[in-house]
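J.: Handing over input_14.cif, mmCIF, C-alpha atoms (C1' of nucleotides).
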```cif
data_final
loop_
_atom_site.group_PDB
_atom_site.id
_atom_site.type_symbol
_atom_site.label_atom_id
_atom_site.label_comp_id
_atom_site.auth_asym_id
_atom_site.auth_seq_id
_atom_site.Cartn_x
_atom_site.Cartn_y
_atom_site.Cartn_z
ATOM 1 C CA MET A 1 119.736 -69.976 -11.222
ATOM 2 C CA THR A 2 122.895 -71.190 -9.549
ATOM 3 C CA ASP A 3 124.658 -74.487 -9.910
ATOM 4 C CA LEU A 4 123.831 -75.367 -6.375
ATOM 5 C CA ALA A 5 120.171 -74.959 -7.040
ATOM 6 C CA GLN A 6 120.561 -77.247 -9.989
ATOM 7 C CA THR A 7 122.377 -79.835 -7.938
ATOM 8 C CA TYR A 8 119.688 -79.854 -5.362
ATOM 9 C CA ARG A 9 116.880 -80.032 -7.781
ATOM 10 C CA THR A 10 118.566 -83.025 -9.333
ATOM 11 C CA SER A 11 119.050 -84.618 -5.993
ATOM 12 C CA ASP A 12 115.472 -83.771 -5.292
ATOM 13 C CA SER A 13 114.154 -85.603 -8.262
ATOM 14 C CA GLU A 14 116.321 -88.600 -7.546
ATOM 15 C CA GLU A 15 114.569 -89.214 -4.318
ATOM 16 C CA PRO A 16 111.309 -90.715 -5.403
ATOM 17 C CA SER A 17 108.699 -88.936 -3.325
ATOM 18 C CA LEU A 18 109.863 -86.408 -0.797
ATOM 19 C CA PRO A 19 107.380 -85.467 1.907
ATOM 20 C CA THR A 20 105.902 -82.001 1.552
ATOM 21 C CA PRO A 21 107.923 -79.361 3.372
ATOM 22 C CA LEU A 22 106.514 -77.997 6.603
ATOM 23 C CA PRO A 23 105.003 -74.505 6.362
ATOM 24 C CA GLU A 24 107.588 -71.942 5.309
ATOM 25 C CA PRO A 25 107.677 -68.531 3.665
ATOM 26 C CA ALA A 26 107.956 -68.342 -0.116
ATOM 27 C CA ALA A 27 111.382 -67.303 -1.363
ATOM 28 C CA SER A 28 110.072 -63.875 -2.262
ATOM 29 C CA GLU A 29 108.790 -63.374 1.250
ATOM 30 C CA ILE A 30 112.084 -63.980 2.993
ATOM 31 C CA ARG A 31 113.149 -60.778 4.739
ATOM 32 C CA LEU A 32 116.758 -59.914 5.317
ATOM 33 C CA GLU A 33 116.140 -58.420 8.751
ATOM 34 C CA ARG A 34 114.352 -61.585 9.803
ATOM 35 C CA VAL A 35 117.159 -63.786 8.547
ATOM 36 C CA MET A 36 119.692 -61.619 10.315
ATOM 37 C CA GLY A 37 117.688 -61.794 13.495
ATOM 38 C CA VAL A 38 117.465 -65.521 13.446
ATOM 39 C CA LEU A 39 121.172 -65.891 12.727
ATOM 40 C CA ALA A 40 122.154 -63.605 15.566
ATOM 41 C CA ASP A 41 122.125 -66.589 17.890
ATOM 42 C CA PRO A 42 125.321 -68.673 17.999
ATOM 43 C CA LEU A 43 123.438 -71.931 18.340
ATOM 44 C CA ARG A 44 121.386 -71.242 15.245
ATOM 45 C CA LEU A 45 124.404 -70.051 13.345
ATOM 46 C CA THR A 46 126.057 -73.321 14.308
ATOM 47 C CA ILE A 47 123.104 -75.299 13.037
ATOM 48 C CA VAL A 48 123.114 -73.630 9.650
ATOM 49 C CA ASN A 49 126.889 -73.694 9.399
ATOM 50 C CA ARG A 50 126.995 -77.413 10.064
ATOM 51 C CA LEU A 51 124.208 -78.126 7.655
ATOM 52 C CA LEU A 52 126.238 -76.294 5.034
ATOM 53 C CA THR A 53 129.660 -77.692 5.763
ATOM 54 C CA SER A 54 129.238 -81.242 7.005
ATOM 55 C CA SER A 55 126.379 -82.584 4.996
ATOM 56 C CA GLU A 56 127.449 -85.494 2.846
ATOM 57 C CA GLU A 57 123.954 -86.685 2.655
ATOM 58 C CA TYR A 58 122.267 -83.384 2.747
ATOM 59 C CA ASP A 59 119.612 -83.255 5.341
ATOM 60 C CA HIS A 60 119.672 -84.037 8.983
ATOM 61 C CA THR A 61 117.537 -84.514 12.013
ATOM 62 C CA CYS A 62 117.709 -82.349 15.113
ATOM 63 C CA GLY A 63 119.411 -85.164 16.909
ATOM 64 C CA TRP A 64 122.232 -85.425 14.388
ATOM 65 C CA PHE A 65 123.875 -82.280 15.750
ATOM 66 C CA GLY A 66 124.342 -83.739 19.195
ATOM 67 C CA PHE A 67 123.595 -80.535 21.057
ATOM 68 C CA ASP A 68 123.364 -80.900 24.791
ATOM 69 C CA ARG A 69 120.078 -79.088 25.165
ATOM 70 C CA PRO A 70 116.533 -80.127 25.926
ATOM 71 C CA LYS A 71 114.519 -81.188 22.944
ATOM 72 C CA SER A 72 112.033 -78.401 23.423
ATOM 73 C CA SER A 73 114.816 -75.843 23.045
ATOM 74 C CA LEU A 74 115.980 -77.416 19.834
ATOM 75 C CA THR A 75 112.471 -77.496 18.415
ATOM 76 C CA HIS A 76 112.235 -73.820 19.170
ATOM 77 C CA HIS A 77 115.391 -72.928 17.253
ATOM 78 C CA PHE A 78 114.668 -75.109 14.252
ATOM 79 C CA LYS A 79 111.233 -73.650 14.000
ATOM 80 C CA ALA A 80 112.629 -70.135 14.136
ATOM 81 C CA LEU A 81 115.031 -70.949 11.314
ATOM 82 C CA ARG A 82 112.285 -72.464 9.230
ATOM 83 C CA GLU A 83 109.857 -69.608 9.766
ATOM 84 C CA ALA A 84 112.486 -67.098 8.767
ATOM 85 C CA GLY A 85 113.021 -69.053 5.558
ATOM 86 C CA VAL A 86 116.547 -70.235 6.269
ATOM 87 C CA ILE A 87 115.920 -73.963 6.410
ATOM 88 C CA ARG A 88 113.388 -76.352 4.929
ATOM 89 C CA GLN A 89 112.053 -79.203 7.001
ATOM 90 C CA ARG A 90 110.356 -82.393 5.899
ATOM 91 C CA GLN A 91 108.802 -85.069 8.006
ATOM 92 C CA HIS A 92 110.217 -88.516 7.257
ATOM 93 C CA GLY A 93 108.303 -90.939 9.390
ATOM 94 C CA LEU A 94 109.341 -90.252 12.929
ATOM 95 C CA GLU A 95 111.989 -87.725 12.178
ATOM 96 C CA ARG A 96 112.087 -84.257 10.763
ATOM 97 C CA ARG A 97 114.982 -83.509 8.477
ATOM 98 C CA SER A 98 116.361 -80.084 7.753
ATOM 99 C CA ARG A 99 118.391 -78.575 4.999
ATOM 100 C CA VAL A 100 119.392 -75.034 4.189
ATOM 101 C CA ARG A 101 117.359 -73.342 1.462
ATOM 102 C CA ILE A 102 120.488 -72.579 -0.481
ATOM 103 C CA GLU A 103 118.882 -71.779 -3.822
ATOM 104 C CA ASP A 104 116.361 -69.424 -2.292
ATOM 105 C CA LEU A 105 118.881 -67.648 -0.113
ATOM 106 C CA ASP A 106 121.316 -67.347 -3.009
ATOM 107 C CA GLU A 107 118.650 -65.813 -5.129
ATOM 108 C CA ARG A 108 117.493 -63.335 -2.545
ATOM 109 C CA PHE A 109 120.748 -62.566 -0.745
ATOM 110 C CA PRO A 110 123.745 -63.554 -2.817
ATOM 111 C CA GLY A 111 126.810 -64.149 -0.701
ATOM 112 C CA LEU A 112 124.963 -64.806 2.520
ATOM 113 C CA VAL A 113 125.309 -68.566 2.396
ATOM 114 C CA GLU A 114 129.071 -68.263 1.975
ATOM 115 C CA LEU A 115 129.270 -65.975 4.980
ATOM 116 C CA ILE A 116 127.510 -68.538 7.116
ATOM 117 C CA ALA A 117 129.564 -71.407 5.768
ATOM 118 C CA ASP A 118 132.796 -69.552 6.595
ATOM 119 C CA TRP A 119 131.721 -68.605 10.087
ATOM 120 C CA GLN A 120 133.361 -70.132 13.079
ATOM 121 C CA PRO A 121 132.314 -69.857 16.708
ATOM 122 C CA ALA A 122 134.203 -67.572 19.062
ATOM 123 C CA ASP A 123 136.936 -69.117 21.194
ATOM 124 C CA GLY A 124 135.609 -71.380 23.889
ATOM 125 C CA GLU A 125 132.124 -71.250 22.575
ATOM 126 C CA ALA A 126 131.575 -74.864 21.718
ATOM 127 C CA VAL A 127 127.911 -75.706 21.809
ATOM 128 C CA MET B 1 129.950 -53.334 -6.205
ATOM 129 C CA THR B 2 133.064 -53.016 -4.112
ATOM 130 C CA ASP B 3 133.732 -49.699 -5.835
ATOM 131 C CA LEU B 4 132.230 -48.233 -2.734
ATOM 132 C CA ALA B 5 135.131 -49.328 -0.572
ATOM 133 C CA GLN B 6 137.555 -47.760 -2.970
ATOM 134 C CA THR B 7 135.664 -44.521 -3.074
ATOM 135 C CA TYR B 8 135.598 -44.356 0.645
ATOM 136 C CA ARG B 9 139.210 -45.140 1.231
ATOM 137 C CA THR B 10 140.231 -42.393 -1.173
ATOM 138 C CA SER B 11 137.982 -39.916 0.509
ATOM 139 C CA ASP B 12 139.572 -40.898 3.800
ATOM 140 C CA SER B 13 143.072 -39.847 2.954
ATOM 141 C CA GLU B 14 141.901 -36.591 1.455
ATOM 142 C CA GLU B 15 140.587 -35.206 4.710
ATOM 143 C CA PRO B 16 143.576 -33.710 6.546
ATOM 144 C CA SER B 17 143.165 -34.456 10.231
ATOM 145 C CA LEU B 18 140.185 -36.485 11.225
ATOM 146 C CA PRO B 19 139.170 -36.671 14.898
ATOM 147 C CA THR B 20 139.955 -40.003 16.557
ATOM 148 C CA PRO B 21 137.127 -42.494 16.186
ATOM 149 C CA LEU B 22 135.018 -43.256 19.229
ATOM 150 C CA PRO B 23 135.727 -46.600 20.903
ATOM 151 C CA GLU B 24 135.071 -49.500 18.551
ATOM 152 C CA PRO B 25 136.127 -53.115 18.143
ATOM 153 C CA ALA B 26 139.180 -53.879 16.017
ATOM 154 C CA ALA B 27 138.360 -55.365 12.634
ATOM 155 C CA SER B 28 139.528 -58.779 13.783
ATOM 156 C CA GLU B 29 137.173 -58.656 16.735
ATOM 157 C CA ILE B 30 134.017 -58.071 14.747
ATOM 158 C CA ARG B 31 131.711 -61.066 15.226
ATOM 159 C CA LEU B 32 129.261 -62.125 12.585
ATOM 160 C CA GLU B 33 126.561 -63.063 15.068
ATOM 161 C CA ARG B 34 126.851 -59.637 16.649
ATOM 162 C CA VAL B 35 126.631 -57.887 13.299
ATOM 163 C CA MET B 36 123.626 -59.984 12.379
ATOM 164 C CA GLY B 37 121.991 -59.165 15.673
ATOM 165 C CA VAL B 38 122.454 -55.476 15.268
ATOM 166 C CA LEU B 39 121.165 -55.529 11.708
ATOM 167 C CA ALA B 40 118.042 -57.465 12.652
ATOM 168 C CA ASP B 41 116.342 -54.164 13.406
ATOM 169 C CA PRO B 42 114.740 -52.376 10.442
ATOM 170 C CA LEU B 43 115.705 -48.953 11.750
ATOM 171 C CA ARG B 44 119.339 -49.909 12.013
ATOM 172 C CA LEU B 45 119.289 -51.599 8.660
ATOM 173 C CA THR B 46 117.868 -48.371 7.271
ATOM 174 C CA ILE B 47 120.651 -46.357 8.838
ATOM 175 C CA VAL B 48 123.381 -48.494 7.346
ATOM 176 C CA ASN B 49 121.632 -48.781 4.009
ATOM 177 C CA ARG B 50 121.301 -45.032 3.710
ATOM 178 C CA LEU B 51 124.862 -44.430 4.751
ATOM 179 C CA LEU B 52 125.877 -46.769 1.962
ATOM 180 C CA THR B 53 123.575 -45.573 -0.764
ATOM 181 C CA SER B 54 123.014 -41.869 -0.293
ATOM 182 C CA SER B 55 126.325 -40.576 0.891
ATOM 183 C CA GLU B 56 127.739 -38.074 -1.520
ATOM 184 C CA GLU B 57 129.859 -36.628 1.192
ATOM 185 C CA TYR B 58 130.427 -39.724 3.134
ATOM 186 C CA ASP B 59 129.622 -39.321 6.740
ATOM 187 C CA HIS B 60 126.561 -38.035 8.439
ATOM 188 C CA THR B 61 125.147 -36.976 11.725
ATOM 189 C CA CYS B 62 122.257 -38.689 13.474
ATOM 190 C CA GLY B 63 120.065 -35.797 12.534
ATOM 191 C CA TRP B 64 120.748 -36.124 8.811
ATOM 192 C CA PHE B 65 118.485 -39.159 8.578
ATOM 193 C CA GLY B 66 115.426 -37.294 9.733
ATOM 194 C CA PHE B 67 113.982 -40.114 11.765
ATOM 195 C CA ASP B 68 110.953 -39.245 13.804
ATOM 196 C CA ARG B 69 112.221 -40.706 17.049
ATOM 197 C CA PRO B 70 113.493 -39.255 20.290
ATOM 198 C CA LYS B 71 117.173 -38.449 20.330
ATOM 199 C CA SER B 72 117.853 -40.916 23.097
ATOM 200 C CA SER B 73 116.524 -43.733 20.940
ATOM 201 C CA LEU B 74 118.761 -42.738 18.069
ATOM 202 C CA THR B 75 121.817 -42.553 20.290
ATOM 203 C CA HIS B 76 121.019 -46.057 21.421
ATOM 204 C CA HIS B 77 120.924 -47.471 17.899
ATOM 205 C CA PHE B 78 124.004 -45.690 16.643
ATOM 206 C CA LYS B 79 125.924 -46.868 19.639
ATOM 207 C CA ALA B 80 124.791 -50.438 19.042
ATOM 208 C CA LEU B 81 125.986 -50.245 15.452
ATOM 209 C CA ARG B 82 129.315 -48.819 16.491
ATOM 210 C CA GLU B 83 129.913 -51.352 19.240
ATOM 211 C CA ALA B 84 129.170 -54.197 16.873
ATOM 212 C CA GLY B 85 131.775 -52.791 14.501
ATOM 213 C CA VAL B 86 129.421 -51.800 11.706
ATOM 214 C CA ILE B 87 129.925 -48.053 11.758
ATOM 215 C CA ARG B 88 132.702 -45.717 12.806
ATOM 216 C CA GLN B 89 131.860 -42.485 14.567
ATOM 217 C CA ARG B 90 133.945 -39.357 14.981
ATOM 218 C CA GLN B 91 133.205 -36.282 16.970
ATOM 219 C CA HIS B 92 133.370 -33.105 14.876
ATOM 220 C CA GLY B 93 132.789 -30.242 17.235
ATOM 221 C CA LEU B 94 129.195 -30.499 18.297
ATOM 222 C CA GLU B 95 128.211 -33.309 16.034
ATOM 223 C CA ARG B 96 129.079 -36.931 15.746
ATOM 224 C CA ARG B 97 129.432 -38.244 12.228
ATOM 225 C CA SER B 98 129.030 -41.848 11.192
ATOM 226 C CA ARG B 99 130.201 -43.911 8.284
ATOM 227 C CA VAL B 100 130.089 -47.606 7.530
ATOM 228 C CA ARG B 101 133.329 -49.509 8.126
ATOM 229 C CA ILE B 102 133.271 -50.800 4.591
ATOM 230 C CA GLU B 103 136.874 -51.932 4.314
ATOM 231 C CA ASP B 104 136.736 -53.803 7.596
ATOM 232 C CA LEU B 105 133.423 -55.459 6.837
ATOM 233 C CA ASP B 106 134.573 -56.368 3.360
ATOM 234 C CA GLU B 107 137.650 -57.973 4.763
ATOM 235 C CA ARG B 108 135.856 -59.938 7.439
ATOM 236 C CA PHE B 109 132.562 -60.716 5.709
ATOM 237 C CA PRO B 110 132.830 -60.302 1.957
ATOM 238 C CA GLY B 111 129.473 -59.651 0.359
ATOM 239 C CA LEU B 112 127.767 -58.394 3.468
ATOM 240 C CA VAL B 113 128.006 -54.725 2.556
ATOM 241 C CA GLU B 114 126.371 -55.404 -0.799
ATOM 242 C CA LEU B 115 123.521 -57.226 0.899
ATOM 243 C CA ILE B 116 122.838 -54.240 3.100
ATOM 244 C CA ALA B 117 123.149 -51.788 0.247
ATOM 245 C CA ASP B 118 120.615 -53.746 -1.803
ATOM 246 C CA TRP B 119 118.131 -54.107 1.024
ATOM 247 C CA GLN B 120 114.849 -52.309 0.931
ATOM 248 C CA PRO B 121 112.288 -51.963 3.685
ATOM 249 C CA ALA B 122 109.114 -54.030 3.629
ATOM 250 C CA ASP B 123 106.003 -52.423 2.174
ATOM 251 C CA GLY B 124 104.592 -49.706 4.328
ATOM 252 C CA GLU B 125 107.518 -49.732 6.637
ATOM 253 C CA ALA B 126 108.816 -46.230 6.142
ATOM 254 C CA VAL B 127 110.751 -45.101 9.163
ATOM 255 C "C1'" DG C 1 99.451 -104.149 21.531
ATOM 256 C "C1'" DA C 2 103.624 -102.474 24.250
ATOM 257 C "C1'" DG C 3 107.485 -99.952 24.424
ATOM 258 C "C1'" DA C 4 110.838 -97.007 22.622
ATOM 259 C "C1'" DT C 5 111.781 -92.953 19.837
ATOM 260 C "C1'" DA C 6 111.634 -88.120 17.460
ATOM 261 C "C1'" DG C 7 109.777 -84.394 18.041
ATOM 262 C "C1'" DT C 8 105.741 -80.889 19.342
ATOM 263 C "C1'" DA C 9 102.862 -77.644 22.247
ATOM 264 C "C1'" DC C 10 102.116 -75.103 26.040
ATOM 265 C "C1'" DG C 11 103.360 -72.424 29.712
ATOM 266 C "C1'" DA C 12 106.344 -70.246 33.028
ATOM 267 C "C1'" DC C 13 110.333 -67.935 34.279
ATOM 268 C "C1'" DA C 14 114.484 -65.341 33.268
ATOM 269 C "C1'" DA C 15 117.284 -62.487 30.524
ATOM 270 C "C1'" DA C 16 117.878 -59.155 26.995
ATOM 271 C "C1'" DA C 17 116.450 -55.541 23.963
ATOM 272 C "C1'" DT C 18 113.525 -51.511 22.746
ATOM 273 C "C1'" DT C 19 111.516 -47.239 23.645
ATOM 274 C "C1'" DC C 20 111.567 -42.961 25.465
ATOM 275 C "C1'" DG C 21 111.349 -39.175 29.165
ATOM 276 C "C1'" DT C 22 114.207 -36.267 31.803
ATOM 277 C "C1'" DA C 23 118.261 -34.298 33.114
ATOM 278 C "C1'" DC C 24 122.727 -33.368 31.624
ATOM 279 C "C1'" DT C 25 127.348 -32.034 28.933
ATOM 280 C "C1'" DA C 26 129.907 -29.708 25.578
ATOM 281 C "C1'" DG C 27 130.748 -26.834 21.592
ATOM 282 C "C1'" DC C 28 129.269 -22.853 18.770
ATOM 283 C "C1'" DG C 29 128.073 -18.037 17.742
ATOM 284 C "C1'" DC C 30 126.606 -13.649 19.099
ATOM 285 C "C1'" DG D 1 128.324 -14.977 29.364
ATOM 286 C "C1'" DC D 2 123.956 -16.644 27.212
ATOM 287 C "C1'" DG D 3 121.299 -19.214 24.599
ATOM 288 C "C1'" DC D 4 121.079 -22.714 21.071
ATOM 289 C "C1'" DT D 5 122.243 -27.120 19.379
ATOM 290 C "C1'" DA D 6 123.911 -32.175 18.945
ATOM 291 C "C1'" DG D 7 124.122 -35.632 21.358
ATOM 292 C "C1'" DT D 8 124.804 -38.524 25.986
ATOM 293 C "C1'" DA D 9 123.543 -41.005 30.343
ATOM 294 C "C1'" DC D 10 120.472 -42.966 33.273
ATOM 295 C "C1'" DG D 11 116.532 -45.246 34.491
ATOM 296 C "C1'" DA D 12 111.921 -47.210 34.070
ATOM 297 C "C1'" DA D 13 108.287 -49.482 31.608
ATOM 298 C "C1'" DT D 14 107.312 -52.674 28.049
ATOM 299 C "C1'" DT D 15 108.165 -56.163 24.789
ATOM 300 C "C1'" DT D 16 110.659 -59.784 22.861
ATOM 301 C "C1'" DT D 17 113.533 -63.746 23.160
ATOM 302 C "C1'" DG D 18 115.637 -67.695 25.144
ATOM 303 C "C1'" DT D 19 115.412 -71.713 28.150
ATOM 304 C "C1'" DC D 20 113.404 -75.613 29.679
ATOM 305 C "C1'" DG D 21 110.001 -78.768 32.281
ATOM 306 C "C1'" DT D 22 106.038 -81.429 31.583
ATOM 307 C "C1'" DA D 23 102.678 -83.550 29.108
ATOM 308 C "C1'" DC D 24 101.494 -85.046 24.669
ATOM 309 C "C1'" DT D 25 101.313 -87.099 19.596
ATOM 310 C "C1'" DA D 26 102.770 -89.955 16.060
ATOM 311 C "C1'" DT D 27 105.584 -93.582 14.269
ATOM 312 C "C1'" DC D 28 108.442 -97.488 14.137
ATOM 313 C "C1'" DT D 29 109.769 -102.189 15.961
ATOM 314 C "C1'" DC D 30 109.148 -106.235 18.178
#
```
Before we go any further, please render this structure as structure tokens.
T.:
Amino acid sequence: MTDLAQTYRTSDSEEPSLPTPLPEPAASEIRLERVMGVLADPLRLTIVNRLLTSSEEYDHTCGWFGFDRPKSSLTHHFKALREAGVIRQRQHGLERRSRVRIEDLDERFPGLVELIADWQPADGEAV
Amino acid sequence: MTDLAQTYRTSDSEEPSLPTPLPEPAASEIRLERVMGVLADPLRLTIVNRLLTSSEEYDHTCGWFGFDRPKSSLTHHFKALREAGVIRQRQHGLERRSRVRIEDLDERFPGLVELIADWQPADGEAV
DNA sequence: GAGATAGTACGACAAAATTCGTACTAGCGC
DNA sequence: GCGCTAGTACGAATTTTGTCGTACTATCTC
């Protein structure tokens, strides 16, 4: 597969025992129309974009983004992203950390991840 | 892959006087989230996919697709695609012909056109 | 154990999108 | 002109999606 996938697998195995991911579709089950649908929302596009572009350590909690929205709204959006197969979430103690499923998306829809990473919000649409 | 764009541009300049396109956003105004939103629908994804993959002559009327839906529904979807900047439509006498704005999409979102061209509907989801 | 913290689940309301019928316009050919 | 055809416009019913309050669970820390 891609270099990225390799990187992440490495990173994966460095961390001693990662919690099992929350329920998510298998890579082969990810549907383009579903992914498109879930990325049609600027907030969700922002989430994925930031996960891709400003992730030194590579997964983050909901809170990390600093969105000024109720927690229940955020849960909703993260869940939508996960169920569409765009992000993977793992429970670490109290918090739930997310990362983009780069390898899977690259395999299924090459080029998509780059599109999202290059995206920027419309003028005056800070979230 | 991007041979398509080339093919289409050539074809463009061959036709002597094309009717003015119906109102559409400028290439620079096309928004990724909007494009994603409009392509979240399987019918619309089918439209664009077929325009890309089975277009010997390169633009087609609504009727050409043979969808079993009321005309008013089809108008709705084609308009949505045009207003998001995905297709260009021109009025030729009685009929309105559509093509994908390949060059513009390629410029703004490289790789996207290929994703759509490679898409195939989920099992048992013939339209 | 008590309190703070990260996030969920449910449910309600509001906003947006989808579907489609009906009535209409405009071009084409006889 | 007359009918046929391709497609639009409007509007209503239905469905889906987004937003968010409230109440709740689970975990960590002291």
J.: All C-alpha atoms, paired in order, least-squares superposition of chain A on chain B: what RMSD does that give?
T.: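 C-alpha RMSD after optimal superposition stands at 1.6 Å.
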J.: Residues of chain D within 8 Å of chain B, counting only C-alpha atoms (C1' of nucleotides), what are they? List them as a list in words.
T.: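 The complete set of qualifying residues is DT5, DA6, DG7 and DT8 of chain D.
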J.: Hey, what comes out of the PyMOL selection byres ((chain C) within 8 of (chain A)) on this file? Could you write it as a list in words?
T.: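 Evaluating the PyMOL selection byres ((chain C) within 8 of (chain A)) on these coordinates yields DT5, DA6, DG7 and DT8 of chain C.
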J.: Any idea which chain A residues end up within 6 Å of chain B if we count all atoms listed in the file, as a list in words please?
T.: Glu33, Met36, Gly37, Ala40 and Gly111 of chain A
J.: Give me, please, the distance in Å between atom CA of His92 of chain B and atom CA of Ala27 of chain B, quoted to one decimal.
T.: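 Taking atom CA of His92 of chain B as the start and atom CA of Ala27 of chain B as the end point, the length is 22.9 Å.
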J.: Would you work out the distance separating atom C1' of DG21 of chain C from atom C1' of DG1 of chain D, expressed in Å to one decimal?
T.: 29.6 Å
J.: What does the distance from atom CA of Arg82 of chain B to atom CA of Pro23 of chain B come to in Å, to one decimal?
T.: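 One can read the atom CA of Arg82 of chain B to atom CA of Pro23 of chain B distance as 8.1 Å.
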J.: Assuming the chain letters and numbering stay as they are in my file, what does the PyMOL selection byres ((chain C and resi 24) around 8) actually select? List them as number ranges by chain.
T.: C: 23, 25; D: 8-9
J.: How about saving the chosen residues, C-alpha atoms (C1' of nucleotides) kept, as an mmCIF file, in the frame of the given file?
T.:
```
data_model
loop_
_atom_site.group_PDB
_atom_site.id
_atom_site.type_symbol
_atom_site.label_atom_id
_atom_site.label_comp_id
_atom_site.auth_asym_id
_atom_site.auth_seq_id
_atom_site.Cartn_x
_atom_site.Cartn_y
_atom_site.Cartn_z
ATOM 1 C "C1'" DA C 23 118.261 -34.298 33.114
ATOM 2 C "C1'" DT C 25 127.348 -32.034 28.933
ATOM 3 C "C1'" DT D 8 124.804 -38.524 25.986
ATOM 4 C "C1'" DA D 9 123.543 -41.005 30.343
#
```
J.: On this file, the PyMOL selection byres ((chain A and resi 100) around 6) gives some set of residues; write that set as a list in words.
T.: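 On this input, the PyMOL selection byres ((chain A and resi 100) around 6) captures Val86, Ile87, Arg99, Arg101 and Ile102 of chain A.
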J.: Measuring atom to atom with only C-alpha atoms (C1' of nucleotides), identify which of D:DG3, D:DA12, D:DC28, D:DG21 is nearest to DT19 of chain C.
T.: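 When distances to DT19 of chain C are compared using only C-alpha atoms (C1' of nucleotides), the smallest one comes from D:DA12.
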J.: May I have the residues within 10 Å of Phe65 of chain A as a PyMOL selection string, using only C-alpha atoms (C1' of nucleotides) and disregarding those fewer than 5 positions away in the same chain?
T.: chain A and resi 46-47+50-51+60+127
